[in-house]
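Asks: A single structure is presented below for examination.
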Amino acid sequence: MRNSITKAMAGPRPLVFSGPSGAGKSTLLKKLMGEYDSVFGFSVSHTTRKPRPGEQNGIDYHYVSREEMQAGIDNGDFIESAEFSGNLYGTSKAAVQAVQAQNLICILDIDMQGVKNIKKTDLNPLYISIQPPSLEVLEERLRGRKTESEESVQKRLRAAKADMEFSKEPKVFDVVIINNNLEEAYGSLKQALQEEIHKVKKTKASS
Ligand SMILES: Nc1nc2c(ncn2[C@@H]2O[C@H](COP(=O)(O)OP(=O)(O)O)[C@@H](O)[C@H]2O)c(=O)[nH]1
Ligand SMILES: Nc1ncnc2c1ncn2[C@@H]1O[C@H](COP(=O)(O)OP(=O)(O)O)[C@@H](O)[C@H]1O
């Protein structure tokens with residue numbers, strides 16, 4: 001039986017973005033949300049990892065302690081949660097509800113465990129995988145971003161191998177975008193979302 005914790009949530013069909021750390025999800029999402037004002041809303045996850053310079057609490061993530069996060073999970077506040085690279089990450093029901101209450105397309109940026117768990121719910125999103133052209137390019141990008149320690153880069157690369165294999169499984173993702181050239185990848189993303197964007201704009205225009 002499907003997990004119906006999200007049943008009370010209404011609004012346009014959400015979008016799940018997944019793919020290896022460093023593939024370019026945040027870069028593409030920022031571009032998308034920058035171009036389409038009042039169409040998308042970001043589901044702000046909780047995490048136990050420390051904020052990076054420039055990241056803001058409540059905007060990029062809700063930064064919490066492991067104890068606080070675990071208490072929330074035990075209390076049933078999360079739609080899904082996962083351990084990634086030594087930290088907990090999770091999507092709270094409140095995060096998704098806050099976006100759907102505004103009739104915006106809710107965007108979830110989650111890892112492959114999150115994808116597997118969301119598939120057990122009735123959220124029914126469109127699943128999009130953002131993949132790097134190769135593991136070598138991914139490593140260059142991760143190092144170039146200068147946010148990760150050597151240990152963290154290694155953990156992310158190990159997870160990336162599994163993620164790249166997972167993206168090839170049939171029927172998991174609706175769209176797989178290879179982020180080689182950024183403008184081309186962004187063009188493919190917009191094309192994949194054309195119909196959903198159009199629906200939201202039409203609803204807004206008639207309300
Ligand atoms: N399952 C799950 N994964 C998440 C969530 N939030 C972020 N992630 C994933 O956690 C991984 C690490 O995220 P982050 O530490 O921000 O690093 P980055 O992806 O390299 O910028 C990425 O694969 C994210 O997609 C969440 O709420 N649930
Ligand atoms: N198409 C691209 N070509 C070159 N560099 C890119 C491209 N897309 C993203 N990047 C860079 O790669 C790094 C990782 O991208 P990011 O968006 O942080 O990935 P993710 O959110 O998937 O972890 C960033 O420094 C970003 O500027």
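How things are named: the first chain in the structure tokens is A, the next is B, and so on; residues count from 1 in each chain; ligands count from 1 in the order shown.
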Please report, as CSV, each residue of chain A lying at most 9 Å from ligand 2, together with the nearest pair of atoms and the separation in Å rounded to one decimal; use only C-alpha atoms and all ligand atoms, and order rows by chain and ascending residue number.

Replies:
```
residue,atom,partner,partner_atom_place_in_ligand_line,distance
A:Ser18,CA,ligand 2,22 (O),7.9
A:Gly19,CA,ligand 2,22 (O),6.5
A:Pro20,CA,ligand 2,22 (O),6.0
A:Ser21,CA,ligand 2,23 (O),3.8
A:Gly22,CA,ligand 2,23 (O),3.5
A:Ala23,CA,ligand 2,22 (O),4.0
A:Gly24,CA,ligand 2,17 (O),3.3
A:Lys25,CA,ligand 2,22 (O),3.7
A:Ser26,CA,ligand 2,21 (O),3.6
A:Thr27,CA,ligand 2,17 (O),3.7
A:Leu28,CA,ligand 2,17 (O),6.5
A:Leu29,CA,ligand 2,17 (O),8.0
A:Lys30,CA,ligand 2,17 (O),8.5
A:Asp109,CA,ligand 2,21 (O),8.3
A:Ile130,CA,ligand 2,22 (O),7.4
A:Gln131,CA,ligand 2,22 (O),8.4
A:Pro132,CA,ligand 2,1 (N),8.2
A:Val137,CA,ligand 2,4 (C),8.5
A:Leu138,CA,ligand 2,12 (O),7.6
A:Glu140,CA,ligand 2,12 (O),8.0
A:Arg141,CA,ligand 2,12 (O),4.3
A:Leu142,CA,ligand 2,14 (C),5.6
A:Arg143,CA,ligand 2,25 (O),8.1
A:Gly144,CA,ligand 2,25 (O),5.8
A:Arg145,CA,ligand 2,25 (O),3.9
A:Lys146,CA,ligand 2,25 (O),7.7
A:Thr147,CA,ligand 2,25 (O),8.8
A:Ile178,CA,ligand 2,1 (N),8.8
A:Asn179,CA,ligand 2,1 (N),5.1
A:Asn180,CA,ligand 2,1 (N),4.8
A:Asn181,CA,ligand 2,1 (N),4.4
A:Leu182,CA,ligand 2,1 (N),3.5
A:Glu183,CA,ligand 2,1 (N),7.3
A:Glu184,CA,ligand 2,1 (N),8.3
A:Ala185,CA,ligand 2,1 (N),7.1
A:Tyr186,CA,ligand 2,1 (N),8.8
```

Asks: Can I get the residues close to ligand 1 as a ChimeraX atom specification, where close means within 9 Å and we count only C-alpha atoms and all ligand atoms?

Replies: /A:17-26,43-47,49-52,60-61,78-85,87-92,108-118,142,147-148,156,159-160

Asks: Could you please determine the separation between atom CA of Ser149 of chain A and atom CA of Leu135 of chain A in Å, to one decimal place?

Replies: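 Separation between atom CA of Ser149 of chain A and atom CA of Leu135 of chain A: 17.8 Å.
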
Asks: Determine which residues of segment 8-71 of chain A receive a DSSP assignment of strand (DSSP E or B), computed from the backbone, and state them as a ChimeraX atom specification.

Replies: /A:15-18,40-42,46-47,57,61-63

Asks: Tell me which protein, DNA and RNA residues are within 10 Å of Phe42 of chain A, counting only C-alpha atoms, leaving out same-chain ones fewer than 6 positions away, and put them as a PyMOL selection string.

Replies: chain A and resi 14-15+29-30+33+59-60+95-96+98-99+104-109

Asks: May I have the residues from that selection written out with N, CA, C and O atoms, as a PDB file, in the first residue's frame?

Replies:
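Written file, result-v3.pdb:
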```pdb
ATOM      1  N   PRO A  14       4.696  18.209  -8.248  1.00  0.00           N
ATOM      2  CA  PRO A  14       6.054  18.566  -7.833  1.00  0.00           C
ATOM      3  C   PRO A  14       7.122  18.004  -8.778  1.00  0.00           C
ATOM      4  O   PRO A  14       6.844  17.153  -9.617  1.00  0.00           O
ATOM      5  N   LEU A  15       8.339  18.497  -8.598  1.00  0.00           N
ATOM      6  CA  LEU A  15       9.484  18.028  -9.382  1.00  0.00           C
ATOM      7  C   LEU A  15      10.547  17.525  -8.441  1.00  0.00           C
ATOM      8  O   LEU A  15      10.892  18.211  -7.482  1.00  0.00           O
ATOM      9  N   LEU A  29      18.947  24.775 -10.953  1.00  0.00           N
ATOM     10  CA  LEU A  29      17.742  25.203 -10.218  1.00  0.00           C
ATOM     11  C   LEU A  29      17.728  26.707  -9.989  1.00  0.00           C
ATOM     12  O   LEU A  29      16.684  27.345 -10.106  1.00  0.00           O
ATOM     13  N   LYS A  30      18.891  27.258  -9.687  1.00  0.00           N
ATOM     14  CA  LYS A  30      18.960  28.719  -9.473  1.00  0.00           C
ATOM     15  C   LYS A  30      18.606  29.460 -10.752  1.00  0.00           C
ATOM     16  O   LYS A  30      17.888  30.464 -10.733  1.00  0.00           O
ATOM     17  N   MET A  33      14.733  29.063 -11.297  1.00  0.00           N
ATOM     18  CA  MET A  33      13.924  29.857 -10.376  1.00  0.00           C
ATOM     19  C   MET A  33      14.144  31.349 -10.600  1.00  0.00           C
ATOM     20  O   MET A  33      13.267  32.157 -10.340  1.00  0.00           O
ATOM     21  N   ILE A  59      16.732  29.083   3.961  1.00  0.00           N
ATOM     22  CA  ILE A  59      16.643  29.332   2.510  1.00  0.00           C
ATOM     23  C   ILE A  59      17.270  28.171   1.743  1.00  0.00           C
ATOM     24  O   ILE A  59      16.636  27.551   0.896  1.00  0.00           O
ATOM     25  N   ASP A  60      18.516  27.867   2.066  1.00  0.00           N
ATOM     26  CA  ASP A  60      19.182  26.728   1.407  1.00  0.00           C
ATOM     27  C   ASP A  60      18.788  25.426   2.107  1.00  0.00           C
ATOM     28  O   ASP A  60      18.480  24.426   1.470  1.00  0.00           O
ATOM     29  N   ALA A  95       7.736  21.540   4.738  1.00  0.00           N
ATOM     30  CA  ALA A  95       8.477  22.191   3.640  1.00  0.00           C
ATOM     31  C   ALA A  95       7.689  22.080   2.336  1.00  0.00           C
ATOM     32  O   ALA A  95       7.567  23.054   1.584  1.00  0.00           O
ATOM     33  N   VAL A  96       7.141  20.904   2.079  1.00  0.00           N
ATOM     34  CA  VAL A  96       6.381  20.699   0.837  1.00  0.00           C
ATOM     35  C   VAL A  96       5.046  21.435   0.918  1.00  0.00           C
ATOM     36  O   VAL A  96       4.623  22.102  -0.032  1.00  0.00           O
ATOM     37  N   ALA A  98       4.324  24.115   2.535  1.00  0.00           N
ATOM     38  CA  ALA A  98       4.510  25.575   2.434  1.00  0.00           C
ATOM     39  C   ALA A  98       4.539  26.003   0.962  1.00  0.00           C
ATOM     40  O   ALA A  98       3.999  27.054   0.605  1.00  0.00           O
ATOM     41  N   VAL A  99       5.131  25.192   0.108  1.00  0.00           N
ATOM     42  CA  VAL A  99       5.208  25.534  -1.317  1.00  0.00           C
ATOM     43  C   VAL A  99       3.864  25.269  -1.998  1.00  0.00           C
ATOM     44  O   VAL A  99       3.357  26.104  -2.760  1.00  0.00           O
ATOM     45  N   LEU A 104       2.519  26.740  -6.097  1.00  0.00           N
ATOM     46  CA  LEU A 104       3.741  26.747  -6.909  1.00  0.00           C
ATOM     47  C   LEU A 104       4.178  25.301  -7.163  1.00  0.00           C
ATOM     48  O   LEU A 104       3.800  24.395  -6.412  1.00  0.00           O
ATOM     49  N   ILE A 105       4.990  25.114  -8.201  1.00  0.00           N
ATOM     50  CA  ILE A 105       5.559  23.787  -8.472  1.00  0.00           C
ATOM     51  C   ILE A 105       6.653  23.554  -7.437  1.00  0.00           C
ATOM     52  O   ILE A 105       7.639  24.297  -7.383  1.00  0.00           O
ATOM     53  N   CYS A 106       6.452  22.540  -6.623  1.00  0.00           N
ATOM     54  CA  CYS A 106       7.390  22.284  -5.526  1.00  0.00           C
ATOM     55  C   CYS A 106       8.608  21.506  -6.031  1.00  0.00           C
ATOM     56  O   CYS A 106       8.459  20.432  -6.620  1.00  0.00           O
ATOM     57  N   ILE A 107       9.787  22.053  -5.799  1.00  0.00           N
ATOM     58  CA  ILE A 107      11.025  21.402  -6.238  1.00  0.00           C
ATOM     59  C   ILE A 107      11.735  20.742  -5.068  1.00  0.00           C
ATOM     60  O   ILE A 107      12.043  21.386  -4.068  1.00  0.00           O
ATOM     61  N   LEU A 108      11.986  19.445  -5.209  1.00  0.00           N
ATOM     62  CA  LEU A 108      12.747  18.707  -4.199  1.00  0.00           C
ATOM     63  C   LEU A 108      14.113  18.342  -4.780  1.00  0.00           C
ATOM     64  O   LEU A 108      14.173  17.723  -5.849  1.00  0.00           O
ATOM     65  N   ASP A 109      15.194  18.754  -4.102  1.00  0.00           N
ATOM     66  CA  ASP A 109      16.549  18.375  -4.511  1.00  0.00           C
ATOM     67  C   ASP A 109      16.990  17.289  -3.526  1.00  0.00           C
ATOM     68  O   ASP A 109      17.326  17.581  -2.380  1.00  0.00           O
TER      69      ASP A 109
END
```

Asks: What's the 12 Å shell around Val172 of chain A, counting only C-alpha atoms, without same-chain residues fewer than 2 positions away, as a list in words?

Replies: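 The contact residues come out as Val16, Ser18, Met112, Val115, Lys116, Asn117, Ile118, Lys119, Pro125, Leu126, Tyr127, Ile128, Ser129, Asp163, Glu165, Phe166, Ser167, Lys168, Glu169, Pro170, Asp174, Val175 and Val176 of chain A.
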
Asks: Between A:Asp74, A:Arg66, A:Val200, A:Gly187, single out the one closest to Gly41 of chain A, counting only C-alpha atoms.

Replies: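 For Gly41 of chain A, the nearest of the given residues is A:Val200.
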
Asks: According to DSSP computed on the backbone, where in segment 9-171 of chain A is there helix (DSSP H, G or I)? Give the residues as a ChimeraX atom specification.

Replies: /A:25-35,66-74,93-100,112-118,135-145,150-166

Asks: Quick check, in Å to one decimal: how far apart do atom CA of Met164 of chain A and atom CA of Ile177 of chain A lie?

Replies: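 Interatomic distance here is 11.7 Å.
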
Asks: Go through A:Gly11, A:Pro53, A:Gln102, A:Tyr36 one by one, measure the shortest atom-to-atom distance of each to His198 of chain A using only C-alpha atoms, and give the residue with the smallest value.

Replies: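 Ranked by minimum distance to His198 of chain A, first place goes to A:Tyr36.
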
Asks: So the first atom is atom CA of Asn124 of chain A and the second is atom CA of Ala71 of chain A; what is the distance between them in Å, to one decimal place?

Replies: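 Separation of atom CA of Asn124 of chain A and atom CA of Ala71 of chain A: 26.7 Å.
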